[in-house]
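Peer 1: To be precise about what I am sending: the file is called data_20.cif and holds mmCIF, C-alpha atoms.
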data_entry
loop_
_atom_site.label_atom_id
_atom_site.label_comp_id
_atom_site.auth_asym_id
_atom_site.auth_seq_id
_atom_site.Cartn_x
_atom_site.Cartn_y
_atom_site.Cartn_z
CA MET S 27 0.00 0.00 0.00
CA ASN S 28 1.54 3.36 -1.04
CA ALA S 29 1.52 6.49 1.13
CA LEU S 30 -1.55 7.99 -0.59
CA SER S 31 -3.57 4.79 -0.20
CA THR S 32 -2.56 4.52 3.44
CA ARG S 33 -3.65 8.11 4.11
CA ILE S 34 -7.01 7.55 2.39
CA ALA S 35 -7.59 4.40 4.47
CA LEU S 36 -6.78 6.23 7.70
CA LEU S 37 -9.13 9.08 6.77
CA MET S 38 -11.90 6.54 6.15
CA LEU S 39 -11.24 4.96 9.54
CA ALA S 40 -11.33 8.33 11.27
CA SER S 41 -14.63 9.15 9.57
CA LEU S 42 -16.11 5.84 10.70
CA ALA S 43 -14.86 6.46 14.21
CA MET S 44 -16.70 9.77 14.48
CA ALA S 45 -19.93 8.67 12.77
CA GLY S 46 -20.22 5.01 13.60
CA CYS S 47 -20.82 4.70 17.35
CA SER S 48 -24.43 5.83 17.53
CA ARG S 49 -26.78 4.01 19.84
CA HIS S 50 -28.94 2.32 17.28
CA ALA S 51 -26.29 0.60 15.20
CA ALA S 52 -22.81 -0.83 15.52
CA PRO S 53 -20.11 1.09 13.61
CA ALA S 54 -19.57 0.15 10.00
CA PRO S 55 -16.62 -2.22 9.79
CA HIS S 56 -13.27 -1.34 8.31
CA PRO S 57 -13.30 -2.35 4.62
CA LEU S 58 -10.78 -5.13 5.33
CA ALA S 59 -12.23 -6.26 8.64
CA HIS S 60 -14.85 -8.93 9.27
CA ARG S 61 -17.83 -8.24 11.47
CA PRO S 62 -19.81 -11.27 12.68
CA ALA S 63 -23.45 -11.07 11.70
CA GLU S 64 -24.59 -11.73 15.25
CA ALA S 65 -22.70 -8.69 16.56
CA ALA S 66 -25.37 -6.24 15.42
CA VAL S 67 -28.13 -6.82 17.94
CA ALA S 68 -31.02 -4.60 18.95
CA VAL S 69 -30.91 -2.71 22.20
CA ARG S 70 -34.66 -2.87 22.57
CA SER S 71 -37.65 -3.61 20.41
CA ASP S 72 -38.84 0.01 20.18
CA SER S 73 -35.55 1.32 18.76
CA ALA S 74 -36.26 3.03 15.46
CA PRO S 75 -33.93 2.25 12.56
CA VAL S 76 -31.30 4.87 11.89
CA ALA S 77 -32.58 5.39 8.37
CA ALA S 78 -36.06 6.18 9.67
CA GLU S 79 -34.67 8.73 12.12
CA ARG S 80 -32.70 10.43 9.38
CA ALA S 81 -35.70 10.49 7.05
CA THR S 82 -38.01 12.04 9.63
CA GLY S 83 -35.45 14.26 11.32
CA MET S 84 -36.27 12.74 14.69
CA THR S 85 -33.56 12.18 17.27
CA GLU S 86 -33.53 10.41 20.59
CA GLU S 87 -34.10 13.71 22.37
CA SER S 88 -37.14 14.52 20.19
CA GLU S 89 -38.87 11.14 20.50
CA THR S 90 -41.52 12.24 23.02
CA ALA S 91 -44.80 11.01 21.54
CA GLU S 92 -46.53 7.90 22.81
CA ILE S 93 -43.80 7.01 25.30
CA PRO S 94 -45.30 5.33 28.35
CA VAL S 95 -44.73 7.10 31.64
CA GLY S 96 -43.80 5.14 34.74
CA LEU S 97 -42.54 1.64 35.29
CA SER S 98 -42.82 -1.09 32.71
CA PRO S 99 -44.04 -4.50 33.99
CA ILE S 100 -40.41 -5.69 34.03
CA ALA S 101 -39.17 -2.65 35.93
CA ALA S 102 -42.13 -2.94 38.32
CA ALA S 103 -41.20 -6.54 39.02
CA VAL S 104 -37.62 -5.51 39.71
CA ALA S 105 -38.80 -2.78 42.07
CA ALA S 106 -41.08 -5.22 43.87
CA THR S 107 -38.13 -7.49 44.67
CA THR S 108 -35.76 -4.71 45.71
CA PRO S 109 -35.05 -4.66 49.47
CA SER S 110 -36.91 -1.88 51.26
CA ASN S 111 -33.65 -0.39 52.57
CA ALA S 112 -32.49 0.45 49.04
CA THR S 113 -32.86 4.02 47.78
CA PRO S 114 -35.73 4.28 45.27
CA ILE S 115 -34.99 5.53 41.77
CA PRO S 116 -36.13 9.19 41.58
CA SER S 117 -39.45 9.52 39.78
CA HIS S 118 -38.14 11.99 37.18
CA TRP S 119 -36.25 9.08 35.58
CA GLN S 120 -38.65 7.12 33.41
CA ALA S 121 -38.04 3.40 33.01
CA GLU S 122 -37.73 2.21 29.41
CA ARG S 123 -37.07 5.78 28.33
CA ASN S 124 -34.22 7.22 30.40
CA TYR S 125 -32.90 3.77 31.30
CA MET S 126 -33.66 0.24 30.15
CA THR S 127 -34.04 -2.93 32.18
CA LEU S 128 -31.60 -5.57 30.95
CA VAL S 129 -33.36 -8.89 30.40
CA PRO S 130 -32.08 -11.21 31.60
CA ALA S 131 -30.10 -9.43 34.29
CA GLN S 132 -26.41 -10.30 34.15
CA PRO S 133 -24.05 -11.34 36.96
CA THR S 134 -21.52 -8.77 38.11
CA THR S 135 -17.79 -9.21 38.56
CA VAL S 136 -17.29 -7.17 41.73
CA ASP S 137 -17.61 -7.86 45.43
CA PRO S 138 -21.31 -8.30 46.41
CA SER S 139 -21.03 -5.33 48.75
CA LYS S 140 -20.25 -3.13 45.73
CA VAL S 141 -22.44 -1.82 42.92
CA GLU S 142 -20.84 -2.43 39.53
CA VAL S 143 -21.00 0.30 36.89
CA VAL S 144 -19.71 -0.80 33.49
CA GLU S 145 -18.87 1.45 30.56
CA VAL S 146 -18.73 -0.38 27.24
CA PHE S 147 -16.63 1.77 24.93
CA TRP S 148 -14.49 1.86 21.78
CA TYR S 149 -11.30 3.88 21.42
CA GLY S 150 -12.28 4.73 17.84
CA CYS S 151 -15.64 6.24 18.87
CA GLY S 152 -15.87 10.01 18.93
CA HIS S 153 -18.77 9.93 21.40
CA CYS S 154 -16.70 7.82 23.81
CA PHE S 155 -13.81 10.27 23.43
CA HIS S 156 -16.03 13.22 24.35
CA LEU S 157 -17.66 11.44 27.31
CA ASP S 158 -14.41 10.13 28.77
CA PRO S 159 -13.33 13.30 30.66
CA ALA S 160 -16.68 13.44 32.48
CA LEU S 161 -16.48 9.76 33.37
CA GLU S 162 -12.89 10.14 34.54
CA GLU S 163 -13.82 13.09 36.75
CA TRP S 164 -16.71 11.07 38.20
CA ARG S 165 -14.54 7.97 38.64
CA LYS S 166 -11.84 9.85 40.52
CA LYS S 167 -13.89 12.35 42.53
CA GLY S 168 -17.63 11.86 42.15
CA LYS S 169 -18.68 8.25 42.48
CA ALA S 170 -19.93 6.82 45.75
CA PRO S 171 -17.54 4.61 47.77
CA TYR S 172 -19.78 1.60 47.17
CA VAL S 173 -19.51 1.93 43.37
CA GLU S 174 -16.89 0.00 41.44
CA PHE S 175 -16.31 1.23 37.90
CA VAL S 176 -15.32 -1.22 35.17
CA ARG S 177 -14.50 -0.55 31.53
CA VAL S 178 -15.19 -3.11 28.82
CA PRO S 179 -14.04 -2.49 25.21
CA VAL S 180 -16.75 -3.38 22.73
CA MET S 181 -16.14 -6.33 20.38
CA TRP S 182 -17.95 -5.99 17.07
CA ASN S 183 -15.35 -6.65 14.39
CA GLY S 184 -11.65 -6.81 13.65
CA ILE S 185 -11.01 -3.12 14.27
CA THR S 186 -12.80 -2.98 17.62
CA ARG S 187 -10.96 -6.19 18.61
CA ALA S 188 -7.65 -4.53 17.71
CA HIS S 189 -8.39 -1.58 19.99
CA ALA S 190 -9.60 -3.97 22.70
CA ARG S 191 -6.29 -5.83 22.50
CA LEU S 192 -4.46 -2.54 22.99
CA TYR S 193 -6.63 -1.76 26.03
CA TYR S 194 -6.01 -5.13 27.67
CA THR S 195 -2.29 -4.97 26.85
CA MET S 196 -2.09 -1.66 28.68
CA LYS S 197 -4.12 -3.13 31.54
CA ALA S 198 -1.74 -6.10 31.85
CA LEU S 199 1.21 -3.69 31.87
CA ALA S 200 -0.45 -1.52 34.57
CA LYS S 201 -0.40 1.41 32.13
CA LEU S 202 -4.10 2.33 31.96
CA GLU S 203 -3.93 5.21 34.44
CA GLN S 204 -1.12 6.71 32.39
CA LEU S 205 -2.28 5.88 28.88
CA HIS S 206 -6.07 5.48 28.69
CA ALA S 207 -6.85 9.14 28.00
CA ARG S 208 -3.65 9.46 25.97
CA THR S 209 -4.87 6.65 23.68
CA PHE S 210 -8.08 8.55 22.95
CA ASN S 211 -6.02 11.66 22.27
CA GLU S 212 -3.64 9.80 19.95
CA ILE S 213 -6.58 8.65 17.82
CA HIS S 214 -8.91 11.65 17.84
CA VAL S 215 -6.45 14.55 18.14
CA ASN S 216 -3.22 13.27 16.59
CA GLY S 217 -4.98 11.25 13.86
CA ASN S 218 -3.11 8.02 14.56
CA PHE S 219 -5.90 5.41 14.47
CA LEU S 220 -3.74 2.67 16.09
CA ALA S 221 -5.49 -0.06 14.08
CA ASP S 222 -5.65 -1.31 10.52
CA GLY S 223 -7.31 -4.08 8.54
CA ASP S 224 -3.88 -5.72 8.35
CA PRO S 225 -2.98 -7.26 11.75
CA VAL S 226 0.74 -6.81 11.09
CA THR S 227 0.25 -3.06 10.54
CA THR S 228 -1.96 -2.86 13.63
CA GLU S 229 0.70 -4.48 15.79
CA ARG S 230 3.38 -2.15 14.40
CA LEU S 231 1.26 0.93 15.14
CA GLN S 232 0.42 -0.19 18.66
CA ARG S 233 3.97 -1.29 19.45
CA ALA S 234 5.30 2.10 18.34
CA PHE S 235 2.70 3.98 20.40
CA LEU S 236 3.46 2.01 23.56
CA LYS S 237 7.20 2.27 22.98
CA GLN S 238 6.86 6.06 22.79
CA ASN S 239 5.19 5.81 26.19
CA GLY S 240 7.82 3.75 27.97
CA VAL S 241 6.92 0.15 27.12
CA SER S 242 9.89 -1.93 26.00
CA ASP S 243 9.73 -4.35 23.08
CA ALA S 244 10.32 -7.21 25.52
CA ASP S 245 7.36 -6.23 27.69
CA PHE S 246 5.17 -5.69 24.63
CA ASP S 247 6.02 -9.14 23.26
CA ARG S 248 5.49 -10.75 26.65
CA VAL S 249 1.97 -9.37 27.06
CA TYR S 250 0.45 -8.61 23.64
CA ARG S 251 -0.69 -12.18 22.91
CA SER S 252 -0.54 -13.50 26.45
CA PHE S 253 -3.11 -15.83 27.98
CA SER S 254 -4.46 -13.04 30.20
CA VAL S 255 -5.04 -10.71 27.25
CA GLU S 256 -6.71 -13.45 25.19
CA SER S 257 -8.94 -14.33 28.17
CA ASP S 258 -9.92 -10.69 28.63
CA LEU S 259 -10.78 -10.40 24.94
CA GLN S 260 -13.04 -13.45 25.18
CA THR S 261 -14.75 -11.98 28.24
CA ALA S 262 -15.30 -8.68 26.43
CA GLU S 263 -16.79 -10.49 23.45
CA ASN S 264 -19.17 -12.41 25.71
CA LEU S 265 -20.24 -9.23 27.52
CA THR S 266 -20.83 -7.37 24.26
CA ARG S 267 -23.39 -10.07 23.40
CA ARG S 268 -24.87 -10.49 26.88
CA TYR S 269 -25.35 -6.75 27.35
CA GLN S 270 -26.90 -6.54 23.86
CA VAL S 271 -24.62 -3.64 22.94
CA ALA S 272 -25.62 -1.94 19.70
CA GLY S 273 -23.97 1.42 20.32
CA VAL S 274 -21.28 2.99 22.47
CA PRO S 275 -20.68 4.53 24.96
CA PHE S 276 -23.07 2.24 26.82
CA ILE S 277 -23.54 2.06 30.60
CA VAL S 278 -24.63 -1.01 32.57
CA VAL S 279 -25.49 -0.60 36.26
CA ASN S 280 -25.16 -3.72 38.40
CA GLY S 281 -26.00 -5.99 35.48
CA LYS S 282 -29.60 -4.78 35.64
CA TYR S 283 -30.02 -1.34 34.05
CA THR S 284 -28.58 0.18 30.86
CA ALA S 285 -28.38 3.79 29.72
CA ASP S 286 -26.45 6.17 27.51
CA VAL S 287 -26.06 9.87 26.84
CA GLY S 288 -29.10 9.90 24.56
CA THR S 289 -31.51 8.22 26.95
CA ALA S 290 -30.32 10.29 29.90
CA GLY S 291 -30.55 13.59 28.01
CA GLY S 292 -26.90 14.63 28.08
CA GLU S 293 -23.54 13.89 29.66
CA ALA S 294 -24.24 15.59 32.99
CA GLN S 295 -27.64 13.90 33.18
CA LEU S 296 -26.04 10.52 32.48
CA ILE S 297 -23.68 10.93 35.43
CA GLU S 298 -26.66 11.86 37.63
CA LEU S 299 -28.61 8.86 36.35
CA ILE S 300 -25.69 6.51 37.02
CA ASN S 301 -25.52 7.78 40.60
CA ASP S 302 -29.26 7.35 41.14
CA LEU S 303 -29.39 3.84 39.62
CA ALA S 304 -26.35 2.81 41.64
CA ALA S 305 -27.93 4.17 44.84
CA SER S 306 -31.06 2.13 44.13
CA GLU S 307 -28.91 -1.01 44.00
CA HIS S 308 -26.89 -0.26 47.12
CA ARG S 309 -27.76 -2.41 50.13
CA HIS S 310 -27.47 -0.17 53.20
#
Starting from the coordinates I provided, produce the structure as structure tokens.
Peer 2:
Amino acid sequence: MNALSTRIALLMLASLAMAGCSRHAAPAPHPLAHRPAEAAVAVRSDSAPVAAERATGMTEESETAEIPVGLSPIAAAVAATTPSNATPIPSHWQAERNYMTLVPAQPTTVDPSKVEVVEVFWYGCGHCFHLDPALEEWRKKGKAPYVEFVRVPVMWNGITRAHARLYYTMKALAKLEQLHARTFNEIHVNGNFLADGDPVTTERLQRAFLKQNGVSDADFDRVYRSFSVESDLQTAENLTRRYQVAGVPFIVVNGKYTADVGTAGGEAQLIELINDLAASEHRH
């Protein structure tokens, strides 16, 4: 591939990254990457197709007609089985509109005394990039002591898998605190996508990025295809399916409730909603 072709491919990837992480559909795959058919699953049955939204000009924020107010039968059943000492979800949050009930509920990975909050994300997603500072501020200074925050990279196709491998490599090297935000910046500010349809090129890009940030070739080789990284990738793939992720960023609270910026009404509202859902799951 000559320099011009490489630049065109990277520009296409950057365009997909900014446009392809909407809630209703998984991002379009890289031209050279394979996306399993089963990866594109619906978040819920009342999700309108993207094409219909574009044709009518409706957005998530403008979909106000004929939306039921109050608890759905599923959410009501959940509320009925919630211990009385839990904090109720504030009434201004409408079930099946501001947040969804995940059916079936999924097991969590944290201590039972904690409430798990999961962000499913993709490094190539512009929406994830813009939300990350707010989530980082909340993670470091705003979340309740009983909340444990977990990130899971989405697994839709070869490109998302490549970025997930980078994430879990950094995790295994104890580099996430240093490099998580820097990885977003490298992709969305510096224009280095850190992935390619060719796995050899992807590895070269990611090796060079980590080497610039203090990771030796020996450490990279030791971890990049290690058992722990492969196991984490398999877990992320399973969670992408079990959480029914069709768009990122995507929040899962205690394996029971899901939400995103669109359903909450904005980034600040999403943080508030996360706190309220987590409080409702906390056993005093």
Peer 1: For a quick check of understanding, using all atoms listed in the file, which of S:Thr228, S:Lys282, S:Tyr149, S:Ala272 has the smallest distance to S:Thr127?
Peer 2: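 Between S:Thr228, S:Lys282, S:Tyr149, S:Ala272, the residue approaching S:Thr127 most closely is S:Lys282.
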Peer 1: To one decimal place, how far is atom CA of S:Trp164 from atom CA of S:Asp258 in Å?
Peer 2: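 Taking atom CA of S:Trp164 and atom CA of S:Asp258, their separation equals 24.7 Å.
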Peer 1: State, in Å with one decimal place, the distance from atom CA of S:Ala170 to atom CA of S:Ser117.
Peer 2: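 A separation of 20.6 Å between them.
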Peer 1: Which distance in Å separates atom CA of S:Phe276 and atom CA of S:Leu236, to one decimal?
Peer 2: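 These atoms are spaced 26.7 Å apart.
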Peer 1: Measuring between all atoms listed in the file, which one of S:Ala121, S:Leu199, S:Ile185, S:Ala112 shows the shortest distance to S:Leu299?
Peer 2: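 Going through S:Ala121, S:Leu199, S:Ile185, S:Ala112 one by one, the smallest distance to S:Leu299 is for S:Ala121.
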Peer 1: Let me make sure I understand: among S:Thr266, S:Thr227, S:Asn239, S:Asn124, which one has the smallest atom-to-atom distance to S:Met196 if we use only C-alpha atoms?
Peer 2: S:Asn239
Peer 1: Which residue gives the smallest distance to S:His189 among S:Glu298, S:Asp247, S:Glu142, S:Glu229, with all atoms listed in the file counted?
Peer 2: S:Glu229
